[in-house]
file final.txt (compact mmCIF, C-alpha atoms)
# COMPACT_ATOMS: atom_id res chain seq x y z
CA MET A 1 -73.18 85.36 32.41
CA CYS A 2 -70.46 82.86 31.52
CA MET A 3 -67.06 84.26 30.68
CA ILE A 4 -63.40 83.36 30.24
CA MET A 5 -61.67 84.16 33.51
CA GLY A 6 -58.58 85.91 32.23
CA ARG A 7 -55.64 84.80 30.10
CA GLN A 8 -54.47 82.26 32.64
CA HIS A 9 -57.64 80.23 32.01
CA ASP A 10 -57.21 80.11 28.21
CA LEU A 11 -54.63 77.54 27.19
CA ASN A 12 -54.92 78.34 23.49
CA ASN A 13 -51.87 79.57 21.59
CA GLU A 14 -52.89 82.37 19.22
CA ASP A 15 -50.16 81.38 16.76
CA THR A 16 -51.79 78.05 15.88
CA ASP A 17 -53.61 77.56 12.58
CA ASP A 18 -57.26 78.51 12.57
CA PRO A 19 -59.24 75.36 13.38
CA VAL A 20 -61.82 73.85 11.06
CA ILE A 21 -63.48 71.89 13.89
CA SER A 22 -64.16 73.18 17.40
CA ILE A 23 -64.75 70.33 19.85
CA ILE A 24 -66.80 71.36 22.88
CA MET A 25 -66.42 69.38 26.09
CA PRO A 26 -68.55 70.39 29.10
CA ALA A 27 -66.96 69.25 32.34
CA TYR A 28 -68.25 69.09 35.89
CA GLN A 29 -66.54 67.00 38.56
CA ALA A 30 -64.95 65.14 35.63
CA GLY A 31 -61.48 64.48 37.02
CA ARG A 32 -61.99 60.72 37.06
CA TYR A 33 -62.60 60.40 33.31
CA ILE A 34 -61.67 63.59 31.47
CA GLY A 35 -58.08 62.56 30.78
CA GLN A 36 -59.25 59.68 28.59
CA ALA A 37 -61.72 61.93 26.78
CA VAL A 38 -59.04 64.55 26.03
CA GLU A 39 -56.55 61.93 24.85
CA SER A 40 -59.12 60.49 22.45
CA VAL A 41 -59.42 63.94 20.87
CA ARG A 42 -55.65 64.38 20.64
CA GLN A 43 -55.35 61.02 18.86
CA GLN A 44 -57.74 61.94 16.03
CA THR A 45 -56.46 61.09 12.54
CA CYS A 46 -58.52 63.87 10.94
CA GLU A 47 -56.42 66.09 8.66
CA GLU A 48 -58.45 69.23 9.33
CA PRO A 49 -57.06 71.31 12.22
CA TRP A 50 -59.14 71.31 15.40
CA GLU A 51 -59.39 73.00 18.77
CA LEU A 52 -60.76 71.55 22.00
CA LEU A 53 -62.75 73.86 24.27
CA ILE A 54 -63.13 72.45 27.77
CA ILE A 55 -65.94 74.32 29.53
CA ASP A 56 -65.52 73.69 33.26
CA ASP A 57 -68.87 74.27 34.97
CA CYS A 58 -67.33 75.19 38.34
CA SER A 59 -65.84 71.80 39.22
CA THR A 60 -64.52 71.47 42.77
CA ASP A 61 -62.60 68.23 42.17
CA ASP A 62 -59.27 67.82 40.35
CA THR A 63 -60.69 68.55 36.86
CA PRO A 64 -58.57 71.75 36.43
CA GLN A 65 -55.40 69.93 37.44
CA ILE A 66 -56.09 67.05 35.04
CA VAL A 67 -56.65 69.50 32.19
CA LYS A 68 -53.42 71.33 33.00
CA ASN A 69 -51.56 68.09 32.31
CA HIS A 70 -52.50 68.68 28.65
CA ALA A 71 -51.69 72.41 28.68
CA ALA A 72 -48.66 71.99 26.43
CA ASP A 73 -51.00 71.23 23.50
CA PRO A 74 -51.83 74.66 22.04
CA ARG A 75 -55.06 73.31 20.53
CA ILE A 76 -56.66 72.93 23.96
CA ARG A 77 -58.51 75.82 25.57
CA TYR A 78 -59.73 75.70 29.16
CA ILE A 79 -62.62 77.99 30.10
CA ARG A 80 -63.99 78.06 33.62
CA GLN A 81 -67.55 79.25 34.20
CA THR A 82 -68.18 81.88 36.86
CA GLN A 83 -71.14 79.88 38.15
CA ASN A 84 -72.60 76.43 37.64
CA GLN A 85 -75.29 76.65 34.95
CA GLY A 86 -75.63 73.14 33.57
CA THR A 87 -74.64 71.27 30.45
CA ALA A 88 -76.75 73.22 27.95
CA ALA A 89 -75.27 76.56 29.05
CA ALA A 90 -71.74 75.11 28.96
CA ARG A 91 -72.23 73.85 25.41
CA ASN A 92 -73.70 77.19 24.35
CA ARG A 93 -70.65 78.94 25.78
CA GLY A 94 -68.45 76.66 23.73
CA ILE A 95 -70.49 77.38 20.59
CA GLU A 96 -70.11 81.10 21.26
CA LEU A 97 -66.31 80.82 21.57
CA ALA A 98 -65.80 78.31 18.72
CA ARG A 99 -63.46 79.43 15.94
CA GLY A 100 -64.04 76.47 13.63
CA ARG A 101 -66.51 76.19 10.78
CA TYR A 102 -67.86 73.05 12.46
CA VAL A 103 -68.53 72.17 16.07
CA ALA A 104 -68.47 68.73 17.65
CA PHE A 105 -69.52 67.66 21.13
CA LEU A 106 -67.97 65.17 23.52
CA ASP A 107 -68.92 64.60 27.16
CA ALA A 108 -66.03 64.40 29.60
CA ASP A 109 -66.83 60.80 30.58
CA ASP A 110 -67.02 59.45 27.01
CA TRP A 111 -64.36 59.04 24.32
CA TRP A 112 -63.88 58.61 20.57
CA ASP A 113 -62.21 56.17 18.22
CA ALA A 114 -59.18 57.75 16.56
CA ASP A 115 -60.76 57.93 13.09
CA LYS A 116 -64.09 59.39 14.24
CA LEU A 117 -63.71 62.95 12.94
CA ARG A 118 -61.95 61.80 9.76
CA LEU A 119 -64.88 59.57 8.80
CA GLN A 120 -67.40 62.30 9.53
CA MET A 121 -65.60 65.04 7.61
CA LYS A 122 -65.37 62.66 4.65
CA CYS A 123 -69.11 61.98 4.93
CA ILE A 124 -69.92 65.69 5.17
CA GLY A 125 -67.80 66.39 2.11
CA ARG A 126 -69.63 63.70 0.17
CA THR A 127 -73.21 64.41 1.30
CA LYS A 128 -73.01 68.16 2.08
CA ALA A 129 -74.93 67.40 5.28
CA VAL A 130 -75.21 70.18 7.86
CA LEU A 131 -75.34 67.61 10.68
CA CYS A 132 -73.55 64.26 10.90
CA CYS A 133 -73.43 61.61 13.62
CA THR A 134 -71.98 58.14 14.18
CA GLY A 135 -73.03 54.97 15.93
CA ARG A 136 -72.00 54.28 19.50
CA GLU A 137 -70.79 51.47 21.69
CA LEU A 138 -72.14 51.31 25.22
CA MET A 139 -69.54 50.96 27.95
CA GLN A 140 -69.69 49.99 31.60
CA PRO A 141 -68.96 52.70 34.23
CA ASP A 142 -65.40 51.32 34.49
CA GLY A 143 -64.89 51.73 30.74
CA THR A 144 -65.10 48.08 29.75
CA PRO A 145 -67.36 47.15 26.80
CA LYS A 146 -70.95 46.31 27.62
CA GLY A 147 -71.16 44.23 24.45
CA HIS A 148 -73.78 46.47 22.86
CA VAL A 149 -73.50 48.61 19.73
CA ILE A 150 -76.24 51.03 18.62
CA PRO A 151 -76.14 51.74 14.86
CA VAL A 152 -77.31 54.81 12.97
CA PRO A 153 -79.05 55.07 9.57
CA LYS A 154 -77.19 56.76 6.73
CA ARG A 155 -80.00 59.27 6.26
CA ILE A 156 -81.90 60.79 9.19
CA THR A 157 -85.14 62.77 8.89
CA TYR A 158 -87.52 64.69 11.15
CA PRO A 159 -90.34 62.08 10.96
CA MET A 160 -87.85 59.33 11.85
CA MET A 161 -86.64 61.28 14.87
CA LEU A 162 -90.17 61.82 16.17
CA ARG A 163 -90.25 58.13 17.07
CA THR A 164 -86.72 57.69 18.38
CA ASN A 165 -83.57 59.75 18.83
CA VAL A 166 -80.84 58.18 16.72
CA ILE A 167 -78.32 61.05 17.08
CA PRO A 168 -76.01 60.70 20.09
CA CYS A 169 -74.85 64.16 21.15
CA GLY A 170 -71.29 62.97 21.70
CA SER A 171 -71.07 61.87 18.07
CA ALA A 172 -72.53 64.98 16.42
CA VAL A 173 -70.64 67.30 14.08
CA LEU A 174 -72.54 70.27 12.66
CA ARG A 175 -71.92 73.65 11.11
CA THR A 176 -71.12 76.29 13.69
CA ASP A 177 -73.44 78.88 12.17
CA ILE A 178 -76.36 76.45 12.49
CA ALA A 179 -75.44 75.60 16.08
CA ARG A 180 -75.49 79.33 16.82
CA GLU A 181 -78.79 79.74 14.99
CA PHE A 182 -80.57 77.40 17.41
CA GLY A 183 -78.39 76.60 20.42
CA PHE A 184 -79.20 74.26 23.31
CA VAL A 185 -82.33 75.05 25.29
CA HIS A 186 -84.23 73.53 28.21
CA ASP A 187 -81.69 71.52 30.18
CA GLU A 188 -84.61 69.90 32.03
CA CYS A 189 -85.61 68.19 28.77
CA HIS A 190 -83.42 66.38 26.24
CA GLU A 191 -81.75 69.58 25.08
CA ASP A 192 -79.73 67.83 22.38
CA TYR A 193 -82.83 66.14 20.92
CA ILE A 194 -84.61 69.49 20.75
CA LEU A 195 -81.64 70.96 18.86
CA TRP A 196 -81.55 68.12 16.33
CA MET A 197 -85.30 68.41 15.73
CA ARG A 198 -85.16 72.16 15.15
CA ILE A 199 -82.29 71.67 12.70
CA LEU A 200 -84.05 68.85 10.85
CA LYS A 201 -87.29 70.82 10.60
CA LYS A 202 -85.44 73.51 8.66
CA TYR A 203 -82.66 71.60 6.90
CA LYS A 204 -84.57 68.31 6.34
CA THR A 205 -81.86 65.64 6.66
CA ALA A 206 -78.76 64.64 8.61
CA ALA A 207 -76.14 62.04 7.73
CA GLY A 208 -75.06 59.01 9.72
CA VAL A 209 -71.75 57.14 9.69
CA ASN A 210 -72.67 53.65 10.82
CA VAL A 211 -69.51 53.00 12.82
CA PRO A 212 -69.53 52.89 16.66
CA ALA A 213 -66.92 55.65 16.90
CA LEU A 214 -68.40 57.06 20.12
CA LYS A 215 -67.70 55.10 23.28
CA CYS A 216 -70.56 56.02 25.59
CA ARG A 217 -70.02 55.38 29.29
CA LEU A 218 -73.20 54.47 31.15
CA SER A 219 -72.30 56.38 34.28
CA GLU A 220 -74.30 55.85 37.45
CA GLY A 221 -77.22 58.29 37.59
CA GLY A 222 -76.98 59.16 33.89
CA LYS A 223 -80.06 59.82 31.77
CA SER A 224 -79.84 56.48 30.01
CA ARG A 225 -79.76 54.68 33.37
CA ASN A 226 -82.85 56.40 34.77
CA LYS A 227 -85.57 55.36 32.33
CA LEU A 228 -88.41 57.15 34.11
CA LYS A 229 -86.51 60.43 34.22
CA SER A 230 -85.51 60.06 30.59
CA ALA A 231 -89.12 59.38 29.55
CA CYS A 232 -90.34 62.49 31.39
CA MET A 233 -87.65 64.56 29.70
CA GLN A 234 -88.64 63.19 26.31
CA TYR A 235 -92.29 64.05 26.92
CA GLY A 236 -91.22 67.56 27.86
CA SER A 237 -89.22 67.76 24.64
CA TYR A 238 -92.29 66.91 22.54
CA ARG A 239 -94.28 69.54 24.38
CA TYR A 240 -91.56 72.15 23.81
CA LEU A 241 -91.55 71.31 20.09
CA GLY A 242 -95.23 72.26 19.96
CA TYR A 243 -97.05 68.94 20.17
CA GLY A 244 -100.20 68.61 22.26
CA ARG A 245 -100.62 66.11 25.08
CA ILE A 246 -102.28 63.41 22.98
CA ARG A 247 -99.78 63.61 20.13
CA SER A 248 -96.89 63.73 22.61
CA LEU A 249 -98.17 60.58 24.33
CA TYR A 250 -98.61 58.94 20.92
CA TYR A 251 -94.95 59.52 20.06
CA MET A 252 -93.92 58.49 23.57
CA VAL A 253 -95.20 54.97 22.85
CA PHE A 254 -92.77 54.65 19.94
CA TYR A 255 -90.00 56.33 21.94
CA MET A 256 -90.31 53.80 24.76
CA LEU A 257 -90.57 50.78 22.44
CA ASN A 258 -87.55 51.91 20.46
CA GLY A 259 -85.72 52.67 23.70
CA PHE A 260 -86.18 49.12 24.94
CA GLY A 261 -85.02 47.89 21.55
CA LYS A 262 -81.88 50.00 21.57
CA TYR A 263 -80.69 49.21 25.07
CA LEU A 264 -82.03 45.72 25.67
CA SER A 265 -81.81 44.00 22.30
CA PRO A 266 -78.70 42.04 21.22
CA SER A 267 -75.79 44.09 19.88
CA LYS A 268 -75.95 45.06 16.21
CA GLU A 269 -72.67 45.36 14.37
call {"tool": "encode", "arguments": {"input": "final.txt", "output": "structure tokens"}}
result
Amino acid sequence: MCMIMGRQHDLNNEDTDDPVISIIMPAYQAGRYIGQAVESVRQQTCEEPWELLIIDDCSTDDTPQIVKNHAADPRIRYIRQTQNQGTAAARNRGIELARGRYVAFLDADDWWDADKLRLQMKCIGRTKAVLCCTGRELMQPDGTPKGHVIPVPKRITYPMMLRTNVIPCGSAVLRTDIAREFGFVHDECHEDYILWMRILKKYKTAAGVNVPALKCRLSEGGKSRNKLKSACMQYGSYRYLGYGRIRSLYYMVFYMLNGFGKYLSPSKE
């Protein structure tokens, strides 16, 4: 079972204000990029107080040392897993430990625009949405722009998501109680997609802020790079959600067509 390994592994200062938003950042062998990800959180213009939970999934590189460079910020908490369990388990551990009313997710190799959380909290206040996401800009492995922006619709529904996943995990903000209600499951599938679908089935709609506030690094070997692996994971996600083989293959056609459109079509501002 995952656990916090003593006080020395928790960089949080108990005297800080209770956070409204708990940002969960799984990290494994993330020393090369995590500094930029953490700094993008620290630069947020959002007025609501936040905490950052870095869940280290047993990294053996310099990830702990990089995180310690930010230890003076009392809003940052570093939790090291006792054994490597994968991204879904790391996110679930963060959800379990979150003190905020909302949780947000950011991978250690991605980063945010400074006004990302501010725009989303404003949208949530206006729409009362339980789940909110933003658009994203695709970046090269070295962090330079790929010249491609993927937008999001203002209103997202379950039927829409059956044909394509428009919610990037690294852009999502949702209520903590709802994240705990469902959690991330099946790391071998698209665990974030499964979570969004289970939420939408019960709560009907999510909100989108059509600004590319998430900078998504297309790292070598990532899901978005390996199209065959991603397609197999998507098929497994449909099956987990209860769809038979024929219906799953039917939706896979739309998933693949929309996938080509998202990643290969000209950038949409």
call {"tool": "axis_aligned_box", "arguments": {"input": "final.txt", "around": "range 156-165 of chain A", "padding_each_side": "5 Å", "output": "AutoDock Vina command-line options"}}
result
--center_x -86.1 --center_y 61.2 --center_z 13.9 --size_x 18.4 --size_y 17.0 --size_z 19.9
call {"tool": "residues_near_point", "arguments": {"input": "final.txt", "point": "(-65.9, 76.9, 41.8)", "cutoff": "12 Å", "atoms": "all atoms listed in the file", "output": "list in words"}}
result
Met5, Tyr28, Gln29, Asp56, Asp57, Cys58, Ser59, Thr60, Asp61, Asp62, Thr63, Pro64, Arg80, Gln81, Thr82, Gln83, Asn84 and Gln85 of chain A
call {"tool": "residues_near_point", "arguments": {"input": "final.txt", "point": "(-68.9, 79.7, 23.2)", "cutoff": "10 Å", "atoms": "all atoms listed in the file", "output": "number ranges by chain"}}
result
A: 2-4, 22, 24, 53, 55, 79, 89-99, 180
call {"tool": "residues_around", "arguments": {"input": "final.txt", "residues": "Phe254 in chain A", "least_positions_apart": "3", "cutoff": "8 Å", "atoms": "all atoms listed in the file", "output": "number ranges by chain"}}
result
A: 163-164, 250-251, 257-258
call {"tool": "residues_around", "arguments": {"input": "final.txt", "residues": "Tyr243 in chain A", "least_positions_apart": "6", "cutoff": "12 Å", "atoms": "all atoms listed in the file", "output": "JSON, numbers by chain"}}
result
{"A": [162, 234, 235, 236, 237, 249, 250, 251, 252]}
call {"tool": "atom_distance", "arguments": {"input": "final.txt", "atom1": "CA of Asn226 in chain A", "atom2": "CA of Ala207 in chain A"}}
result
28.4 Å
call {"tool": "closest_residue", "arguments": {"input": "final.txt", "among": "A:Met233, A:Leu218, A:Ala213, A:Leu241", "to": "Lys201 in chain A", "atoms": "all atoms listed in the file"}}
result
A:Leu241
call {"tool": "closest_residue", "arguments": {"input": "final.txt", "among": "A:Val152, A:Ala88, A:Ala231, A:Cys189", "to": "Ser171 in chain A", "atoms": "all atoms listed in the file"}}
result
A:Val152
call {"tool": "residues_around", "arguments": {"input": "final.txt", "residues": "Ile167 in chain A", "least_positions_apart": "2", "cutoff": "9 Å", "atoms": "only C-alpha atoms", "output": "PyMOL selection string"}}
result
chain A and resi 132-135+152+156+161+165+169-172+192-193+196+208
call {"tool": "atom_distance", "arguments": {"input": "final.txt", "atom1": "CA of Leu200 in chain A", "atom2": "CA of Asp110 in chain A"}}
result
25.3 Å
call {"tool": "atom_distance", "arguments": {"input": "final.txt", "atom1": "CA of Val67 in chain A", "atom2": "CA of Val41 in chain A"}}
result
12.9 Å
